[in-house]
file final_39.tsv (TSV, C-alpha atoms)
chain	number	residue	atom	x	y	z
B	4	MET	CA	7.43	-0.73	28.38
B	5	THR	CA	7.17	2.83	27.10
B	6	THR	CA	3.91	4.76	26.92
B	7	VAL	CA	3.35	6.69	23.69
B	8	ALA	CA	0.49	8.73	22.27
B	9	ALA	CA	-1.54	7.26	19.42
B	10	TYR	CA	-4.85	7.47	17.61
B	11	ALA	CA	-7.01	4.37	17.91
B	12	ALA	CA	-10.42	3.04	16.93
B	13	PRO	CA	-11.92	1.85	20.25
B	14	SER	CA	-14.42	-0.44	18.47
B	15	ALA	CA	-15.63	-1.33	15.00
B	16	LYS	CA	-16.85	1.70	13.04
B	17	ALA	CA	-16.18	4.04	15.98
B	18	PRO	CA	-14.35	7.31	15.29
B	19	LEU	CA	-10.64	7.23	16.03
B	20	GLU	CA	-9.58	9.08	19.16
B	21	ARG	CA	-6.38	10.08	20.86
B	22	THR	CA	-5.13	7.59	23.44
B	23	THR	CA	-1.93	6.03	24.75
B	24	ILE	CA	-0.41	2.62	24.03
B	25	GLU	CA	2.50	0.63	25.39
B	26	ARG	CA	5.56	-0.13	23.27
B	27	ARG	CA	8.07	-2.78	24.35
B	28	GLU	CA	11.61	-1.82	25.19
B	29	PRO	CA	13.96	-2.64	22.27
B	30	GLY	CA	15.20	-6.23	22.42
B	31	GLU	CA	18.52	-7.47	21.11
B	32	PHE	CA	17.57	-7.15	17.43
B	33	ASP	CA	14.94	-4.41	17.71
B	34	VAL	CA	14.89	-0.92	16.27
B	35	LEU	CA	13.06	1.90	18.07
B	36	ILE	CA	11.70	4.35	15.52
B	37	ASP	CA	10.47	7.88	16.07
B	38	ILE	CA	7.59	7.97	13.60
B	39	LYS	CA	7.53	11.19	11.62
B	40	PHE	CA	4.80	10.45	9.08
B	41	ALA	CA	2.12	7.79	8.59
B	42	GLY	CA	0.04	7.33	5.44
B	43	ILE	CA	-3.66	6.57	5.50
B	44	CYS	CA	-4.38	3.50	3.38
B	45	HIS	CA	-7.87	2.36	2.37
B	46	SER	CA	-6.91	-0.90	4.13
B	47	ASP	CA	-6.93	1.04	7.41
B	48	ILE	CA	-10.58	1.88	6.87
B	49	HIS	CA	-11.53	-1.66	5.82
B	50	GLN	CA	-9.98	-3.02	9.01
B	51	ALA	CA	-11.10	-0.31	11.45
B	52	ARG	CA	-14.66	-0.81	10.23
B	53	GLU	CA	-14.41	-4.63	10.05
B	54	GLY	CA	-15.08	-4.66	6.32
B	55	TRP	CA	-12.70	-7.59	5.93
B	56	GLY	CA	-13.96	-9.50	8.94
B	57	GLU	CA	-13.59	-9.54	12.70
B	58	ALA	CA	-10.79	-7.31	13.98
B	59	ILE	CA	-8.85	-6.57	17.17
B	60	PHE	CA	-9.77	-3.48	19.22
B	61	PRO	CA	-8.65	-1.03	20.28
B	62	MET	CA	-6.94	-0.71	16.89
B	63	VAL	CA	-4.11	1.67	16.03
B	64	PRO	CA	-4.02	1.55	12.21
B	65	GLY	CA	-1.17	2.58	9.96
B	66	HIS	CA	1.25	0.53	7.88
B	67	GLU	CA	2.85	3.29	5.83
B	68	ILE	CA	5.44	4.43	8.34
B	69	ALA	CA	8.40	6.74	7.81
B	70	GLY	CA	10.66	7.86	10.63
B	71	VAL	CA	14.08	8.04	12.18
B	72	VAL	CA	15.90	5.44	14.28
B	73	ALA	CA	15.97	6.56	17.93
B	74	ALA	CA	17.66	3.50	19.48
B	75	VAL	CA	18.80	0.00	18.54
B	76	GLY	CA	19.27	-3.24	20.41
B	77	PRO	CA	22.79	-4.53	21.04
B	78	GLY	CA	22.57	-7.13	18.26
B	79	VAL	CA	21.36	-4.79	15.53
B	80	THR	CA	23.75	-4.54	12.58
B	81	ARG	CA	21.63	-3.02	9.80
B	82	PHE	CA	20.75	0.34	11.34
B	83	THR	CA	22.16	3.02	13.59
B	84	VAL	CA	20.61	5.95	15.46
B	85	GLY	CA	19.62	8.70	13.05
B	86	ASP	CA	18.96	6.48	10.04
B	87	ARG	CA	15.88	7.28	7.94
B	88	VAL	CA	13.73	4.15	7.89
B	89	GLY	CA	10.33	2.78	7.01
B	90	VAL	CA	7.99	0.02	8.12
B	91	GLY	CA	5.30	-1.40	5.86
B	92	CYS	CA	2.49	-3.90	6.29
B	93	MET	CA	4.31	-6.52	8.37
B	94	VAL	CA	6.51	-6.58	11.43
B	95	ASP	CA	7.39	-10.29	11.54
B	96	SER	CA	6.81	-13.71	9.99
B	97	CYS	CA	7.89	-17.27	10.75
B	98	ARG	CA	11.23	-16.82	8.90
B	99	GLU	CA	11.51	-20.59	8.38
B	100	CYS	CA	9.00	-21.51	5.67
B	101	GLU	CA	9.84	-21.75	1.99
B	102	ASN	CA	8.24	-18.38	1.24
B	103	CYS	CA	10.02	-16.53	4.03
B	104	LYS	CA	13.36	-17.95	2.92
B	105	ALA	CA	12.59	-16.90	-0.66
B	106	GLY	CA	11.96	-13.27	0.32
B	107	LEU	CA	8.19	-13.65	0.07
B	108	GLU	CA	7.48	-13.02	3.74
B	109	GLN	CA	4.08	-11.55	2.90
B	110	TYR	CA	2.97	-15.06	1.90
B	111	CYS	CA	4.39	-16.75	5.00
B	112	THR	CA	2.94	-20.25	5.42
B	113	GLY	CA	4.36	-20.79	8.90
B	114	GLY	CA	1.51	-19.02	10.63
B	115	GLY	CA	1.24	-16.08	8.27
B	116	MET	CA	2.91	-12.71	8.29
B	117	ILE	CA	2.35	-10.64	11.41
B	118	GLY	CA	0.63	-7.44	10.39
B	119	THR	CA	1.88	-4.09	11.60
B	120	TYR	CA	-1.50	-3.69	13.28
B	121	ASN	CA	-4.65	-5.77	13.86
B	122	ALA	CA	-2.52	-8.85	14.49
B	123	ILE	CA	-1.06	-10.78	17.39
B	124	GLY	CA	2.72	-10.69	17.73
B	125	LYS	CA	4.94	-13.57	18.79
B	126	ASP	CA	4.77	-12.18	22.33
B	127	GLY	CA	1.02	-12.78	22.34
B	128	GLU	CA	0.22	-9.08	22.38
B	129	PRO	CA	-1.74	-7.11	19.76
B	130	THR	CA	0.30	-5.13	17.27
B	131	TYR	CA	-0.30	-1.41	16.97
B	132	GLY	CA	0.48	0.58	13.84
B	133	GLY	CA	1.79	3.89	12.66
B	134	TYR	CA	-0.83	6.35	13.91
B	135	SER	CA	1.46	6.76	16.90
B	136	GLN	CA	4.63	8.51	17.99
B	137	LYS	CA	6.96	5.51	18.16
B	138	ILE	CA	7.19	1.87	17.11
B	139	VAL	CA	9.58	-0.99	17.93
B	140	VAL	CA	10.30	-3.45	15.11
B	141	ASP	CA	12.78	-6.26	14.52
B	142	GLU	CA	15.53	-4.99	12.21
B	143	ASN	CA	14.72	-7.65	9.61
B	144	TYR	CA	11.36	-5.98	8.94
B	145	VAL	CA	12.67	-2.42	8.70
B	146	VAL	CA	13.77	-0.82	5.43
B	147	ARG	CA	16.04	2.11	4.69
B	148	ILE	CA	14.57	5.24	3.10
B	149	PRO	CA	17.13	6.72	0.68
B	150	ASP	CA	18.18	10.33	1.18
B	151	GLY	CA	16.63	11.28	-2.16
B	152	LEU	CA	13.11	10.70	-0.85
B	153	ALA	CA	11.30	13.15	1.44
B	154	LEU	CA	9.97	11.25	4.44
B	155	ASP	CA	6.39	12.48	4.05
B	156	GLU	CA	6.26	11.49	0.37
B	157	ALA	CA	8.02	8.20	1.12
B	158	ALA	CA	5.56	6.99	3.77
B	159	PRO	CA	2.88	5.82	1.27
B	160	LEU	CA	5.51	3.91	-0.68
B	161	LEU	CA	5.62	1.39	2.19
B	162	CYS	CA	2.22	0.06	1.09
B	163	ALA	CA	0.93	1.81	-2.02
B	164	GLY	CA	4.35	1.88	-3.65
B	165	ILE	CA	5.29	-1.75	-3.10
B	166	THR	CA	1.74	-2.94	-3.82
B	167	LEU	CA	2.09	-1.63	-7.39
B	168	TYR	CA	5.80	-2.16	-7.91
B	169	SER	CA	5.64	-5.88	-7.17
B	170	PRO	CA	3.08	-6.93	-9.84
B	171	LEU	CA	4.46	-4.49	-12.39
B	172	LYS	CA	7.88	-6.10	-12.04
B	173	ARG	CA	6.55	-9.65	-11.74
B	174	PHE	CA	4.48	-9.42	-14.92
B	175	GLY	CA	7.09	-7.67	-17.00
B	176	ALA	CA	6.03	-4.03	-17.29
B	177	GLY	CA	8.70	-2.29	-19.31
B	178	PRO	CA	9.65	-1.03	-22.78
B	179	GLY	CA	7.40	-2.37	-25.52
B	180	LYS	CA	4.65	-3.35	-23.06
B	181	LYS	CA	1.21	-1.79	-22.85
B	182	VAL	CA	0.05	-1.50	-19.25
B	183	ALA	CA	-3.29	-0.27	-17.93
B	184	ILE	CA	-3.89	0.91	-14.37
B	185	VAL	CA	-7.52	0.68	-13.24
B	186	GLY	CA	-8.34	3.52	-10.85
B	187	LEU	CA	-6.34	6.69	-10.19
B	188	GLY	CA	-6.32	6.81	-6.41
B	189	GLY	CA	-3.75	6.23	-3.70
B	190	LEU	CA	-2.62	2.97	-5.29
B	191	GLY	CA	-3.31	3.83	-8.91
B	192	HIS	CA	-1.31	7.04	-9.01
B	193	MET	CA	1.74	5.13	-7.79
B	194	GLY	CA	1.12	2.51	-10.46
B	195	VAL	CA	1.16	5.16	-13.17
B	196	LYS	CA	4.42	6.67	-11.89
B	197	ILE	CA	6.18	3.33	-11.49
B	198	ALA	CA	4.97	1.82	-14.78
B	199	HIS	CA	6.07	4.96	-16.60
B	200	ALA	CA	9.50	4.84	-14.95
B	201	LEU	CA	9.82	1.17	-15.94
B	202	GLY	CA	9.38	2.25	-19.56
B	203	ALA	CA	5.91	0.88	-20.30
B	204	GLU	CA	3.22	2.60	-22.35
B	205	VAL	CA	0.72	3.49	-19.64
B	206	THR	CA	-3.05	3.88	-19.85
B	207	VAL	CA	-5.35	4.89	-16.99
B	208	LEU	CA	-8.81	3.33	-16.91
B	209	SER	CA	-10.97	5.43	-14.61
B	210	GLN	CA	-14.71	5.84	-14.13
B	211	SER	CA	-14.63	9.36	-15.53
B	212	LEU	CA	-12.22	11.80	-17.16
B	213	ARG	CA	-12.19	14.23	-14.25
B	214	LYS	CA	-8.63	13.29	-13.24
B	215	LYS	CA	-7.33	13.04	-16.81
B	216	ASP	CA	-4.99	16.04	-16.55
B	217	ASP	CA	-3.51	14.61	-13.34
B	218	GLY	CA	-3.04	11.18	-14.91
B	219	LEU	CA	-1.16	12.57	-17.88
B	220	LYS	CA	1.06	14.70	-15.64
B	221	LEU	CA	1.87	11.63	-13.52
B	222	GLY	CA	3.15	9.78	-16.58
B	223	ALA	CA	0.15	8.19	-18.32
B	224	ASP	CA	0.22	8.15	-22.10
B	225	HIS	CA	-3.54	7.61	-22.42
B	226	TYR	CA	-6.61	8.06	-20.24
B	227	HIS	CA	-10.05	6.51	-20.79
B	228	ALA	CA	-13.38	6.58	-18.96
B	229	THR	CA	-14.75	3.12	-18.15
B	230	SER	CA	-18.25	4.60	-17.84
B	231	ASP	CA	-18.18	5.00	-21.64
B	232	PRO	CA	-19.07	1.67	-23.31
B	233	LYS	CA	-17.01	2.68	-26.36
B	234	THR	CA	-13.88	2.38	-24.22
B	235	PHE	CA	-14.24	-1.39	-24.06
B	236	GLU	CA	-14.90	-1.60	-27.80
B	237	GLU	CA	-11.97	0.60	-28.79
B	238	LEU	CA	-9.43	-0.99	-26.43
B	239	ALA	CA	-10.34	-4.65	-26.92
B	240	GLY	CA	-7.22	-6.83	-27.07
B	241	THR	CA	-4.87	-3.91	-26.31
B	242	PHE	CA	-2.96	-4.61	-23.09
B	243	ASP	CA	-0.22	-6.96	-22.01
B	244	LEU	CA	-0.99	-6.22	-18.36
B	245	ILE	CA	-3.83	-4.62	-16.45
B	246	VAL	CA	-3.44	-3.86	-12.75
B	247	SER	CA	-6.71	-3.20	-10.93
B	248	THR	CA	-6.40	-1.07	-7.81
B	249	VAL	CA	-10.09	-0.61	-7.05
B	250	SER	CA	-11.74	-2.08	-3.98
B	251	ALA	CA	-15.18	-2.37	-5.58
B	252	PRO	CA	-16.37	-5.38	-7.62
B	253	LEU	CA	-15.60	-5.09	-11.33
B	254	ASP	CA	-17.09	-6.66	-14.44
B	255	PHE	CA	-14.08	-8.92	-14.85
B	256	GLY	CA	-15.25	-10.18	-18.21
B	257	ALA	CA	-15.18	-6.66	-19.60
B	258	TYR	CA	-11.68	-5.97	-18.32
B	259	LEU	CA	-10.32	-9.34	-19.43
B	260	SER	CA	-11.55	-8.50	-22.94
B	261	LEU	CA	-9.03	-5.64	-22.99
B	262	LEU	CA	-6.08	-8.02	-22.71
B	263	LYS	CA	-3.99	-9.34	-25.54
B	264	THR	CA	-3.72	-13.09	-25.96
B	265	GLN	CA	-2.01	-14.51	-22.85
B	266	GLY	CA	-2.22	-11.15	-21.10
B	267	THR	CA	-2.65	-10.79	-17.35
B	268	LEU	CA	-5.17	-8.97	-15.17
B	269	ALA	CA	-3.57	-8.55	-11.75
B	270	ASN	CA	-5.66	-7.50	-8.76
B	271	VAL	CA	-4.30	-5.53	-5.83
B	272	GLY	CA	-7.60	-3.96	-4.77
B	273	ALA	CA	-9.60	-6.16	-2.41
B	274	PRO	CA	-13.39	-5.73	-2.54
B	275	GLU	CA	-15.29	-6.67	0.61
B	276	GLU	CA	-17.81	-8.66	-1.47
B	277	PRO	CA	-17.22	-11.79	-3.58
B	278	VAL	CA	-17.03	-11.30	-7.34
B	279	SER	CA	-18.34	-13.48	-10.16
B	280	LEU	CA	-16.54	-14.54	-13.32
B	281	ASN	CA	-17.47	-16.41	-16.48
B	282	LEU	CA	-14.40	-18.59	-16.95
B	283	PHE	CA	-14.61	-18.33	-20.73
B	284	SER	CA	-13.29	-14.79	-20.20
B	285	VAL	CA	-10.03	-16.39	-19.07
B	286	ILE	CA	-10.03	-19.50	-21.25
B	287	ASN	CA	-10.55	-17.60	-24.50
B	288	GLY	CA	-7.18	-16.06	-25.24
B	289	GLY	CA	-5.29	-18.02	-22.62
B	290	LYS	CA	-5.48	-15.09	-20.22
B	291	SER	CA	-4.44	-14.98	-16.57
B	292	LEU	CA	-6.33	-13.55	-13.61
B	293	ALA	CA	-3.79	-12.96	-10.87
B	294	GLY	CA	-3.44	-11.44	-7.43
B	295	SER	CA	-0.61	-9.69	-5.64
B	296	MET	CA	-0.16	-8.60	-2.04
B	297	ILE	CA	2.45	-5.97	-1.12
B	298	GLY	CA	5.98	-7.41	-1.48
B	299	GLY	CA	8.73	-9.01	0.54
B	300	ILE	CA	11.20	-7.00	2.58
B	301	ALA	CA	14.00	-7.19	0.00
B	302	GLU	CA	11.64	-6.19	-2.80
B	303	THR	CA	10.33	-3.30	-0.70
B	304	GLN	CA	13.89	-2.03	-0.33
B	305	GLU	CA	14.41	-2.48	-4.07
B	306	MET	CA	11.27	-0.42	-4.70
B	307	LEU	CA	12.44	2.40	-2.43
B	308	ASP	CA	15.82	2.51	-4.16
B	309	PHE	CA	14.08	2.52	-7.56
B	310	CYS	CA	11.79	5.37	-6.51
B	311	ALA	CA	14.72	7.40	-5.21
B	312	GLU	CA	16.63	6.83	-8.45
B	313	HIS	CA	13.67	8.00	-10.52
B	314	GLY	CA	12.51	10.82	-8.21
B	315	ILE	CA	9.22	9.10	-7.40
B	316	GLY	CA	7.32	10.02	-4.26
B	317	ALA	CA	3.63	9.87	-3.48
B	318	GLU	CA	1.35	12.81	-4.19
B	319	ILE	CA	0.22	13.66	-0.69
B	320	GLU	CA	-2.04	15.85	1.41
B	321	LEU	CA	-0.42	16.35	4.81
B	322	ILE	CA	-2.89	16.43	7.70
B	323	ARG	CA	-2.90	16.81	11.46
B	324	ALA	CA	-3.91	13.86	13.61
B	325	GLU	CA	-7.23	15.42	14.60
B	326	GLN	CA	-8.21	15.32	10.91
B	327	ILE	CA	-7.99	11.51	10.64
B	328	ASN	CA	-11.74	10.84	10.88
B	329	GLU	CA	-12.47	13.53	8.29
B	330	ALA	CA	-9.77	12.02	6.07
B	331	TYR	CA	-11.42	8.59	6.30
B	332	GLU	CA	-14.69	10.00	4.98
B	333	ARG	CA	-12.88	11.84	2.20
B	334	VAL	CA	-11.07	8.64	1.16
B	335	LEU	CA	-14.42	6.87	0.90
B	336	ALA	CA	-15.69	9.76	-1.23
B	337	SER	CA	-12.57	9.60	-3.46
B	338	ASP	CA	-11.79	13.14	-2.34
B	339	VAL	CA	-8.02	12.95	-1.98
B	340	ARG	CA	-5.17	13.53	-4.42
B	341	TYR	CA	-3.73	11.11	-3.75
B	342	ARG	CA	-2.71	9.99	-0.29
B	343	PHE	CA	-3.38	11.47	3.12
B	344	VAL	CA	-0.29	11.48	5.32
B	345	ILE	CA	-0.45	12.19	9.04
B	346	ASP	CA	2.14	14.49	10.56
B	347	THR	CA	2.65	12.39	13.67
B	348	SER	CA	4.13	15.30	15.61
B	349	THR	CA	0.49	16.42	15.98
B	350	ILE	CA	-0.62	13.26	17.80
call {"tool": "encode", "arguments": {"input": "final_39.tsv", "output": "structure tokens"}}
result
Amino acid sequence: MTTVAAYAAPSAKAPLERTTIERREPGEFDVLIDIKFAGICHSDIHQAREGWGEAIFPMVPGHEIAGVVAAVGPGVTRFTVGDRVGVGCMVDSCRECENCKAGLEQYCTGGGMIGTYNAIGKDGEPTYGGYSQKIVVDENYVVRIPDGLALDEAAPLLCAGITLYSPLKRFGAGPGKKVAIVGLGGLGHMGVKIAHALGAEVTVLSQSLRKKDDGLKLGADHYHATSDPKTFEELAGTFDLIVSTVSAPLDFGAYLSLLKTQGTLANVGAPEEPVSLNLFSVINGGKSLAGSMIGGIAETQEMLDFCAEHGIGAEIELIRAEQINEAYERVLASDVRYRFVIDTSTI
């Protein structure tokens, strides 16, 4: 075991503090990564504060990890020392179920994917995430970060990037399609960039117009305030696809009314509270209400290659580790444009 510095939440809702954790020595197929940057995802806050249910403490959050390979096990064939790599929301899965074999490891039915943190690994030990100096991961759950992407701007792609890329690809965003992104935050801004690069006509639906200039610069063709009732009148029946990134309950009937016949409303934001829905909002017009969770390993690599090809990185605010607790409060106040990234050399 190797002792490394990290930032951890000692208990639910407690401020994160500097500590040390143990990392296993690399096994035959393991990759030891020197973490350079770690993004702060809203999911980190949900889990550190038990918004999504009971959690494992102490917790080292972080599943947007970018770094450099420091060592590899003797059986590793995919990576060598010095490679630029990333780790997203999972570090293992059963590998045997139908979903795992189909490249949908995030939907593993053989026990579920093993999260990068707040999970129990196959060794029976808790997993610890990217708010740390190093991590050891099986090579099958590590992806390569292309040279065209800066590591700090690439880190959020490992969750925010793939979370938007997967449904946009799955539901056919591209030329001739009208796509709306609900919310212009850490997830939403990546959705705008990726949908634009895919060739879709992109609209941002945000509570207010205060980020309109940003949205248009990021690639949106249109920008509307959902606080204005006229928005829902003017845009009724407009979109082929709407992707909601917000983690607060929505009036799903209102948003479904914006879809064309047989359009899809895909949810990637996960509110802590249940939501209600009048099913006639779906039945009328043959519409679909869908969900999507990150992406498989192969699709995550595809996304990184796509982003490198199109010059897409996250819009980030780089912070020192001692600013993590302040950053959490700013995320909750929507005071970030658009992703906090920790410089892990400051841990």
call {"tool": "residues_around", "arguments": {"input": "final_39.tsv", "residues": "Ser14 (chain B)", "least_positions_apart": "6", "cutoff": "9 Å", "atoms": "all atoms listed in the file", "output": "list in words"}}
result
Ala51, Arg52, Ala58, Ile59, Phe60, Pro61 and Met62 of chain B
call {"tool": "closest_atom_pairs", "arguments": {"input": "final_39.tsv", "of": "region 306-334 of chain B", "to": "region 167-184 of chain B", "cutoff": "10 Å", "atoms": "all atoms listed in the file", "output": "CSV"}}
result
residue,atom,partner,partner_atom,distance
B:Met306,CA,B:Tyr168,CA,6.6
B:Leu307,CA,B:Tyr168,CA,9.7
B:Phe309,CA,B:Tyr168,CA,9.5
B:Cys310,CA,B:Tyr168,CA,9.7
call {"tool": "write_last_selection", "arguments": {"input": "final_39.tsv", "atoms": "C-alpha atoms", "output": "compact mmCIF listing (two decimals), in the frame of the given file"}}
result
# COMPACT_ATOMS: atom_id res chain seq x y z
CA MET B 306 11.27 -0.42 -4.70
CA LEU B 307 12.44 2.40 -2.43
CA PHE B 309 14.08 2.52 -7.56
CA CYS B 310 11.79 5.37 -6.51
call {"tool": "atom_distance", "arguments": {"input": "final_39.tsv", "atom1": "CA of Phe242 (chain B)", "atom2": "CA of Gly266 (chain B)"}}
result
6.9 Å
call {"tool": "closest_residue", "arguments": {"input": "final_39.tsv", "among": "B:Gly188, B:Pro252, B:Pro277, B:Gly289", "to": "Ser337 (chain B)", "atoms": "only C-alpha atoms"}}
result
B:Gly188
call {"tool": "residues_around", "arguments": {"input": "final_39.tsv", "residues": "Val75 (chain B)", "least_positions_apart": "6", "cutoff": "8 Å", "atoms": "all atoms listed in the file", "output": "ChimeraX atom specification"}}
result
/B:29,31-35,82-84
call {"tool": "residues_around", "arguments": {"input": "final_39.tsv", "residues": "Gly124 (chain B)", "least_positions_apart": "5", "cutoff": "12 Å", "atoms": "only C-alpha atoms", "output": "PyMOL selection string"}}
result
chain B and resi 27+93-97+114-119+129-131+139-141
call {"tool": "atom_distance", "arguments": {"input": "final_39.tsv", "atom1": "CA of Thr23 (chain B)", "atom2": "CA of Val334 (chain B)"}}
result
25.4 Å
call {"tool": "atom_distance", "arguments": {"input": "final_39.tsv", "atom1": "CA of Tyr341 (chain B)", "atom2": "CA of His192 (chain B)"}}
result
7.1 Å
call {"tool": "closest_residue", "arguments": {"input": "final_39.tsv", "among": "B:Ala317, B:Val195, B:Leu152, B:Cys100", "to": "Gly113 (chain B)", "atoms": "all atoms listed in the file"}}
result
B:Cys100
call {"tool": "residues_near_point", "arguments": {"input": "final_39.tsv", "point": "(-4.6, 3.1, 5.4)", "cutoff": "12 Å", "atoms": "only C-alpha atoms", "output": "PyMOL selection string"}}
result
chain B and resi 41-52+63-68+91-92+119-120+132-134+158-163+189-190+327-328+330-331+334-335+342-345
call {"tool": "build_atoms", "arguments": {"input": "final_39.tsv", "residues": "region 227-234 of chain B", "atoms": "all heavy atoms", "output": "PDB file, keeping the file's coordinate frame"}}
result
ATOM      1  N   HIS B 227      -8.725   6.838 -20.274  1.00  0.00           N
ATOM      2  CA  HIS B 227     -10.050   6.510 -20.790  1.00  0.00           C
ATOM      3  C   HIS B 227     -11.050   6.341 -19.651  1.00  0.00           C
ATOM      4  O   HIS B 227     -10.703   5.863 -18.575  1.00  0.00           O
ATOM      5  CB  HIS B 227     -10.003   5.213 -21.601  1.00  0.00           C
ATOM      6  CG  HIS B 227      -9.175   5.308 -22.849  1.00  0.00           C
ATOM      7  ND1 HIS B 227      -9.676   5.753 -24.052  1.00  0.00           N
ATOM      8  CD2 HIS B 227      -7.861   5.030 -23.070  1.00  0.00           C
ATOM      9  CE1 HIS B 227      -8.730   5.727 -24.967  1.00  0.00           C
ATOM     10  NE2 HIS B 227      -7.612   5.297 -24.400  1.00  0.00           N
ATOM     11  N   ALA B 228     -12.294   6.705 -19.936  1.00  0.00           N
ATOM     12  CA  ALA B 228     -13.380   6.580 -18.960  1.00  0.00           C
ATOM     13  C   ALA B 228     -14.061   5.224 -19.138  1.00  0.00           C
ATOM     14  O   ALA B 228     -14.551   4.902 -20.231  1.00  0.00           O
ATOM     15  CB  ALA B 228     -14.390   7.694 -19.140  1.00  0.00           C
ATOM     16  N   THR B 229     -14.105   4.443 -18.071  1.00  0.00           N
ATOM     17  CA  THR B 229     -14.750   3.120 -18.150  1.00  0.00           C
ATOM     18  C   THR B 229     -16.272   3.227 -18.124  1.00  0.00           C
ATOM     19  O   THR B 229     -16.967   2.253 -18.403  1.00  0.00           O
ATOM     20  CB  THR B 229     -14.280   2.225 -16.998  1.00  0.00           C
ATOM     21  OG1 THR B 229     -14.524   2.896 -15.746  1.00  0.00           O
ATOM     22  CG2 THR B 229     -12.787   1.929 -17.121  1.00  0.00           C
ATOM     23  N   SER B 230     -16.798   4.404 -17.787  1.00  0.00           N
ATOM     24  CA  SER B 230     -18.250   4.600 -17.840  1.00  0.00           C
ATOM     25  C   SER B 230     -18.751   4.722 -19.276  1.00  0.00           C
ATOM     26  O   SER B 230     -19.957   4.640 -19.526  1.00  0.00           O
ATOM     27  CB  SER B 230     -18.636   5.854 -17.049  1.00  0.00           C
ATOM     28  OG  SER B 230     -17.941   6.991 -17.557  1.00  0.00           O
ATOM     29  N   ASP B 231     -17.840   4.906 -20.217  1.00  0.00           N
ATOM     30  CA  ASP B 231     -18.180   5.000 -21.640  1.00  0.00           C
ATOM     31  C   ASP B 231     -18.040   3.623 -22.278  1.00  0.00           C
ATOM     32  O   ASP B 231     -16.928   3.087 -22.379  1.00  0.00           O
ATOM     33  CB  ASP B 231     -17.251   5.992 -22.326  1.00  0.00           C
ATOM     34  CG  ASP B 231     -17.598   6.223 -23.791  1.00  0.00           C
ATOM     35  OD1 ASP B 231     -18.444   5.478 -24.325  1.00  0.00           O
ATOM     36  OD2 ASP B 231     -17.005   7.135 -24.403  1.00  0.00           O
ATOM     37  N   PRO B 232     -19.141   3.012 -22.717  1.00  0.00           N
ATOM     38  CA  PRO B 232     -19.070   1.670 -23.310  1.00  0.00           C
ATOM     39  C   PRO B 232     -18.111   1.581 -24.496  1.00  0.00           C
ATOM     40  O   PRO B 232     -17.551   0.514 -24.772  1.00  0.00           O
ATOM     41  CB  PRO B 232     -20.512   1.395 -23.750  1.00  0.00           C
ATOM     42  CG  PRO B 232     -21.351   2.310 -22.918  1.00  0.00           C
ATOM     43  CD  PRO B 232     -20.516   3.531 -22.683  1.00  0.00           C
ATOM     44  N   LYS B 233     -17.909   2.687 -25.194  1.00  0.00           N
ATOM     45  CA  LYS B 233     -17.010   2.680 -26.360  1.00  0.00           C
ATOM     46  C   LYS B 233     -15.570   2.367 -25.949  1.00  0.00           C
ATOM     47  O   LYS B 233     -14.789   1.869 -26.759  1.00  0.00           O
ATOM     48  CB  LYS B 233     -17.063   4.026 -27.072  1.00  0.00           C
ATOM     49  CG  LYS B 233     -18.378   4.308 -27.781  1.00  0.00           C
ATOM     50  CD  LYS B 233     -18.345   5.652 -28.491  1.00  0.00           C
ATOM     51  CE  LYS B 233     -19.670   5.951 -29.174  1.00  0.00           C
ATOM     52  NZ  LYS B 233     -19.662   7.297 -29.814  1.00  0.00           N
ATOM     53  N   THR B 234     -15.235   2.670 -24.699  1.00  0.00           N
ATOM     54  CA  THR B 234     -13.880   2.380 -24.220  1.00  0.00           C
ATOM     55  C   THR B 234     -13.553   0.908 -24.383  1.00  0.00           C
ATOM     56  O   THR B 234     -12.470   0.541 -24.846  1.00  0.00           O
ATOM     57  CB  THR B 234     -13.732   2.808 -22.747  1.00  0.00           C
ATOM     58  OG1 THR B 234     -13.786   4.240 -22.670  1.00  0.00           O
ATOM     59  CG2 THR B 234     -12.400   2.341 -22.158  1.00  0.00           C
TER      60      THR B 234
END
